[in-house]
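Written below as structure tokens is the structure these notes are about.
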Amino acid sequence: VLKLAHFIGSTSALLDYVEKDDCQKFIIATEEGILHEMRKRAPHKELIPALVFDESCNCSECFYMKRNTMEKLYLCMKYELPEILVDEELRLKALKPIEAMLDLSKSIK
């Protein structure tokens with residue numbers, strides 16, 4: 001997917017790209033809520049959600065992300081709970097894609 005994509009970016013970068021790019025038709029592979037905001041910002045453009053063909057995954061609707069709220073985030077930050085302990089080997093493995101994503105975001109114009 002990355003090799004075929006014309007643009008890869010953060011949420012705000014995706015919104016800006018669709019809004020400002022001259023193209024009138026986009027295939028979008030992101031969460032449904034972002035598509036809603038894109039439609040508000042660029043109502044004259046055709047936005048086509050990328051379909052998922054695997055019955056076990058609906059990547060445009062993340063159940064776990066929708067469970068987060070501002071109140072839950074506030075309480076988590078205030079009380080520093082819940083504490084999540086991760087094995088060091090797993091932490092180092094998880095760090096690699098996060099660093100890659102941050103490096104990628106530096107190259108976005």
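All residue names refer to the structure tokens as shown: chains lettered A, B, ... in order, residues numbered from 1 in each chain, ligands numbered from 1 in order.
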
Using backbone DSSP assignments, extract all helix (DSSP H, G or I) residues from chain A; output them as an MDAnalysis selection string.
chainID A and resid 11:20 32:41 63:66 70:79 88:106

Just the residues within 12 Å of stretch 87-103 of chain A, please, counting only C-alpha atoms, with nothing from its chain fewer than 6 positions along; format it as a PyMOL selection string.
chain A and resi 8-10

Store the residues picked out above, limited to N, CA, C and O atoms, as a PDB file, in the first residue's frame.
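Final file, part06.pdb:
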ATOM      1  N   ILE A   8       1.058   9.946   2.079  1.00  0.00           N
ATOM      2  CA  ILE A   8       0.938   9.299   3.378  1.00  0.00           C
ATOM      3  C   ILE A   8       1.213  10.379   4.405  1.00  0.00           C
ATOM      4  O   ILE A   8       2.177  11.137   4.274  1.00  0.00           O
ATOM      5  N   GLY A   9       0.345  10.487   5.412  1.00  0.00           N
ATOM      6  CA  GLY A   9       0.586  11.526   6.399  1.00  0.00           C
ATOM      7  C   GLY A   9      -0.244  11.357   7.645  1.00  0.00           C
ATOM      8  O   GLY A   9      -1.062  10.447   7.761  1.00  0.00           O
ATOM      9  N   SER A  10      -0.021  12.275   8.554  1.00  0.00           N
ATOM     10  CA  SER A  10      -0.785  12.323   9.796  1.00  0.00           C
ATOM     11  C   SER A  10      -2.218  12.727   9.481  1.00  0.00           C
ATOM     12  O   SER A  10      -2.539  13.102   8.352  1.00  0.00           O
TER      13      SER A  10
END

Residues near A:Val18, anyone? I mean within 12 Å using only C-alpha atoms, not counting same-chain ones fewer than 2 positions away, as an MDAnalysis selection string.
chainID A and resid 6:9 11:16 20:28 34:35 37:48
